[in-house]
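Asks: Handing you a structure now.
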Amino acid sequence: MADSPRNAHVPVRREYVDELRWTFSHRRSWLIAFTANLILAAAFVGYERYSPRTGGLKLAGAAAELAAWVLASTLTTNQLGDDAANVLSRIDHGDHIVHILLSKDLVLASLLLPITLAVSVAAQLDITRMNRLAPSLTEDLLDVFVVLLWLGIGALTSVLMPYRNIPLRARWRARRTWPRWLACQALPYVLFFTVIPLLTWPAYEAAGHLFGGRRTNLAEYSTTFVFWGATVWVGGLALATLYVRRAPDRFLTDLRRPS
């Protein structure tokens with residue numbers, strides 16, 4: 001893959017730009033999946049929040065929920081396997097796994113965050129008065145928290161359970177791959193209902209004890225969540241790096257397997 005991004009020993013900004021260019025030029029199926037996930041998540045959130053009594057939507061918190069449902073997918077938990085050939089090429093050329101994960105995380109975040117923040121701002125313009133808009137916008141930090149939390153989890157699962165996407169017809173014939181493939185498909189939803197609540201709990205507890213709730217100290221309350229989300233993200237990247245260092249052969253075997 002001569003035209004794949006070669007990012008060893010280059011600044012993070014350059015890695016991000018290269019990965020963004022690579023995504024739009026070579027990963028159209030991933031972009032289609034991202035768009036489909038976004039549409040399905042919007043439809044689900046809209047249906048769930050529709051009020052037959054008022055004929056409107058319950059908009060508060062809609063953006064964070066939208067982000068959570070988009071990210072609760074293999075878009076996040078299989079970032080390496082979905083682009084396995086390019087990832088292997090980058091590794092062969094000396095690129096560090098944390099650089100690869102970081103560039104992919106930044107691309108995913110830069111695609112999703114503007115959308116969720118726009119939804120959040122639009123919702124708050126609709127449900128708040130202008131003199132309360134500034135504090136309401138502070139709640140947008142909770143959207144950032146959701147994204148950071150999932151990126152941290154996705155970094156780790158992307159090295160623990162990478163799998164290559166193959167056409168469904170080929171998947172049907174390769175029945176030996178079904179158990180692993182089904183497990184990888186189910187993983188994001190298992191995480192959504194089990195690990196995510198556990199990882200969210202410390203932020204709720206810390207923010208509540210330190211600042212007494214979101215109504216009294218909204219900026220500090222929301223910032224606590226973002227700080228915890230960033231901690232989980234960095235921790236996920238660190239654990240992913242540690243795993244690849246400790247079990248490089250297993251990681252590369254999983255990434256190369258035609259699953």
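Chain identifiers are assigned as A, B, and so on, following the order in which chains appear in the structure tokens; residues are numbered from 1 within each chain, and ligands are numbered from 1 in order of appearance.
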I'd like the neighbourhood of region 151-162 of chain A as a short mmCIF file (atom, residue, chain, number, x, y, z; two decimals) with C-alpha atoms, in the first residue's frame, where a residue qualifies if any of its atoms comes within 9 Å (using only C-alpha atoms), though same-chain residues fewer than 3 positions away should be ignored.
Replies:
```cif
data_model
loop_
_atom_site.label_atom_id
_atom_site.label_comp_id
_atom_site.auth_asym_id
_atom_site.auth_seq_id
_atom_site.Cartn_x
_atom_site.Cartn_y
_atom_site.Cartn_z
CA LEU A 71 -20.09 5.11 19.28
CA THR A 74 -17.63 -1.57 15.89
CA LEU A 75 -16.74 1.85 14.48
CA THR A 76 -15.15 2.41 17.88
CA THR A 77 -14.33 -1.07 19.14
CA ASN A 78 -12.70 -2.34 15.91
CA GLN A 79 -10.74 0.63 14.64
CA LEU A 80 -7.66 -1.41 13.73
CA GLY A 81 -9.30 -4.50 12.26
CA ASP A 82 -11.52 -2.43 9.99
CA ALA A 84 -6.10 -3.91 8.95
CA VAL A 98 -0.41 4.51 20.09
CA LEU A 101 -4.86 4.64 17.58
CA LEU A 102 -4.51 8.32 18.40
CA ASP A 105 -9.47 8.45 17.52
CA LEU A 108 -13.60 9.75 14.65
CA ALA A 109 -13.96 12.50 17.25
CA VAL A 146 -19.19 10.54 26.17
CA VAL A 147 -16.84 10.60 23.17
CA LEU A 148 -13.69 10.40 25.30
CA ARG A 180 -15.55 -14.52 16.81
CA CYS A 184 -17.13 -8.71 18.08
CA LEU A 187 -19.18 -6.45 22.20
CA PRO A 188 -20.14 -2.74 21.87
CA LEU A 191 -20.01 -2.66 26.94
CA VAL A 195 -18.77 -1.27 31.43
CA ILE A 196 -20.00 2.21 30.47
CA GLY A 229 -13.27 11.00 30.24
CA ALA A 230 -9.79 12.15 29.24
CA THR A 231 -8.33 9.94 31.97
CA VAL A 232 -10.20 6.91 30.62
CA TRP A 233 -9.08 7.72 27.09
CA VAL A 234 -5.41 8.03 28.05
CA GLY A 235 -5.73 4.91 30.19
CA GLY A 236 -7.22 2.99 27.28
CA LEU A 237 -4.39 4.04 24.99
CA ALA A 238 -1.83 3.09 27.66
CA LEU A 239 -3.37 -0.35 28.24
CA ALA A 240 -3.59 -0.95 24.49
CA THR A 241 0.09 -0.07 24.12
CA TYR A 243 -0.90 -5.24 25.55
CA VAL A 244 0.78 -4.86 22.16
CA PHE A 251 -1.92 -9.05 18.35
CA ASP A 254 -5.34 -11.53 15.29
CA LEU A 255 -4.93 -8.55 12.98
#
```
Asks: Could you please determine the separation between CA of Trp181 (chain A) and CA of Val70 (chain A) in Å, to one decimal place?
Replies: 19.5 Å
Asks: Pick from A:Ser222, A:Phe34, A:Arg250, A:Glu48: nearest to Ala203 (chain A), with only C-alpha atoms counted?
Replies: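 Closest to Ala203 (chain A) of all the choices is A:Ser222.
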Asks: Interatomic distance between CA of Ala63 (chain A) and CA of Leu199 (chain A)?
Replies: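 So the answer is 19.4 Å.
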Asks: Would you please work out which residue, of A:Val107, A:Ala85, A:Ala206, A:Ala43, is nearest to Val17 (chain A) when using only C-alpha atoms?
Replies: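 Using only C-alpha atoms, Val17 (chain A) sits closest to A:Val107.
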Asks: Run DSSP on the backbone of this structure and report the residues of region 5-222 of chain A it assigns to strand (DSSP E or B), as an NGL selection string.
Replies: :A and (50-51 or 56-57)
Asks: So how far away is CA of Ala207 (chain A) from CA of Thr224 (chain A), in Å?
Replies: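 CA of Thr224 (chain A) sits 6.0 Å away from CA of Ala207 (chain A).
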Asks: Between A:Leu142, A:Ile91, A:Ile39, A:Ala33, which one has atoms that come closest to Tyr221 (chain A), using only C-alpha atoms?
Replies: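 Nearest to Tyr221 (chain A): A:Leu142.
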Asks: From a DSSP calculation on the backbone, collect every residue of region 52-111 of chain A in alpha helix (DSSP H) and output the set as a PyMOL selection string.
Replies: chain A and resi 62-71+74-77+84-92+97-111
Asks: Include N, CA and C atoms and write out the residues we just selected as a tab-separated table (two decimals), in the first residue's frame.
Replies:
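Writing done, so here's again-v8.tsv:
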```tsv
chain	number	residue	atom	x	y	z
A	62	ALA	N	-30.13	15.10	24.49
A	62	ALA	CA	-30.26	14.32	23.26
A	62	ALA	C	-28.93	14.14	22.55
A	63	ALA	N	-28.09	15.18	22.57
A	63	ALA	CA	-26.82	15.10	21.84
A	63	ALA	C	-25.89	14.05	22.45
A	64	ALA	N	-25.81	14.02	23.78
A	64	ALA	CA	-24.96	13.02	24.43
A	64	ALA	C	-25.46	11.61	24.15
A	65	GLU	N	-26.78	11.44	24.16
A	65	GLU	CA	-27.34	10.12	23.87
A	65	GLU	C	-27.07	9.73	22.42
A	66	LEU	N	-27.16	10.70	21.51
A	66	LEU	CA	-26.87	10.44	20.10
A	66	LEU	C	-25.42	9.97	19.94
A	67	ALA	N	-24.50	10.67	20.59
A	67	ALA	CA	-23.08	10.29	20.51
A	67	ALA	C	-22.86	8.89	21.06
A	68	ALA	N	-23.52	8.58	22.17
A	68	ALA	CA	-23.34	7.27	22.79
A	68	ALA	C	-23.80	6.15	21.86
A	69	TRP	N	-24.94	6.34	21.19
A	69	TRP	CA	-25.45	5.29	20.32
A	69	TRP	C	-24.62	5.14	19.06
A	70	VAL	N	-24.08	6.24	18.55
A	70	VAL	CA	-23.20	6.14	17.37
A	70	VAL	C	-21.92	5.39	17.72
A	71	LEU	N	-21.37	5.70	18.89
A	71	LEU	CA	-20.09	5.11	19.28
A	71	LEU	C	-20.22	3.69	19.80
A	74	THR	N	-18.99	-1.16	16.27
A	74	THR	CA	-17.63	-1.57	15.89
A	74	THR	C	-16.84	-0.44	15.24
A	75	LEU	N	-17.49	0.68	14.93
A	75	LEU	CA	-16.74	1.85	14.48
A	75	LEU	C	-15.69	2.24	15.52
A	76	THR	N	-16.04	2.05	16.78
A	76	THR	CA	-15.15	2.41	17.88
A	76	THR	C	-14.34	1.23	18.38
A	77	THR	N	-14.99	0.07	18.50
A	77	THR	CA	-14.33	-1.07	19.14
A	77	THR	C	-13.46	-1.89	18.18
A	84	ALA	N	-7.22	-3.05	8.57
A	84	ALA	CA	-6.10	-3.91	8.95
A	84	ALA	C	-4.91	-3.80	8.01
A	85	ALA	N	-5.15	-3.79	6.70
A	85	ALA	CA	-4.03	-3.77	5.76
A	85	ALA	C	-3.19	-2.50	5.94
A	86	ASN	N	-3.86	-1.38	6.09
A	86	ASN	CA	-3.15	-0.12	6.29
A	86	ASN	C	-2.43	-0.09	7.63
A	87	VAL	N	-3.09	-0.60	8.67
A	87	VAL	CA	-2.48	-0.63	10.00
A	87	VAL	C	-1.23	-1.50	9.99
A	88	LEU	N	-1.30	-2.66	9.36
A	88	LEU	CA	-0.13	-3.54	9.28
A	88	LEU	C	0.99	-2.88	8.49
A	89	SER	N	0.63	-2.15	7.45
A	89	SER	CA	1.64	-1.44	6.67
A	89	SER	C	2.34	-0.38	7.53
A	90	ARG	N	1.57	0.33	8.31
A	90	ARG	CA	2.16	1.35	9.18
A	90	ARG	C	3.05	0.73	10.25
A	91	ILE	N	2.62	-0.40	10.80
A	91	ILE	CA	3.45	-1.08	11.80
A	91	ILE	C	4.75	-1.57	11.17
A	92	ASP	N	4.66	-2.12	9.96
A	92	ASP	CA	5.86	-2.60	9.26
A	92	ASP	C	6.85	-1.47	9.00
A	97	ILE	N	1.92	1.84	17.82
A	97	ILE	CA	0.50	1.54	17.89
A	97	ILE	C	-0.29	2.70	18.51
A	98	VAL	N	0.32	3.40	19.47
A	98	VAL	CA	-0.41	4.51	20.09
A	98	VAL	C	-0.62	5.65	19.10
A	99	HIS	N	0.33	5.84	18.18
A	99	HIS	CA	0.16	6.87	17.15
A	99	HIS	C	-0.98	6.50	16.20
A	100	ILE	N	-1.06	5.22	15.87
A	100	ILE	CA	-2.12	4.77	14.96
A	100	ILE	C	-3.48	4.95	15.62
A	101	LEU	N	-3.59	4.51	16.87
A	101	LEU	CA	-4.86	4.64	17.58
A	101	LEU	C	-5.23	6.10	17.80
A	102	LEU	N	-4.24	6.91	18.14
A	102	LEU	CA	-4.51	8.32	18.40
A	102	LEU	C	-5.03	9.03	17.15
A	103	SER	N	-4.40	8.77	16.02
A	103	SER	CA	-4.85	9.42	14.78
A	103	SER	C	-6.25	8.97	14.40
A	104	LYS	N	-6.56	7.70	14.60
A	104	LYS	CA	-7.91	7.21	14.28
A	104	LYS	C	-8.94	7.76	15.26
A	105	ASP	N	-8.56	7.86	16.53
A	105	ASP	CA	-9.47	8.45	17.52
A	105	ASP	C	-9.79	9.90	17.18
A	106	LEU	N	-8.77	10.65	16.79
A	106	LEU	CA	-8.98	12.06	16.48
A	106	LEU	C	-9.88	12.24	15.26
A	107	VAL	N	-9.72	11.36	14.28
A	107	VAL	CA	-10.58	11.44	13.09
A	107	VAL	C	-12.02	11.15	13.47
A	108	LEU	N	-12.24	10.09	14.24
A	108	LEU	CA	-13.60	9.75	14.65
A	108	LEU	C	-14.22	10.87	15.47
A	109	ALA	N	-13.45	11.42	16.40
A	109	ALA	CA	-13.96	12.50	17.25
A	109	ALA	C	-14.26	13.75	16.42
A	110	SER	N	-13.40	14.06	15.46
A	110	SER	CA	-13.61	15.28	14.67
A	110	SER	C	-14.79	15.16	13.72
A	111	LEU	N	-15.17	13.93	13.38
A	111	LEU	CA	-16.37	13.74	12.57
A	111	LEU	C	-17.64	13.80	13.40
```
Asks: Here is a test: counting only C-alpha atoms, which residue of A:Trp172, A:Phe225, A:Tyr189, A:Tyr163 is nearest to Thr253 (chain A)?
Replies: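 For Thr253 (chain A), the nearest of the candidates is A:Tyr163.
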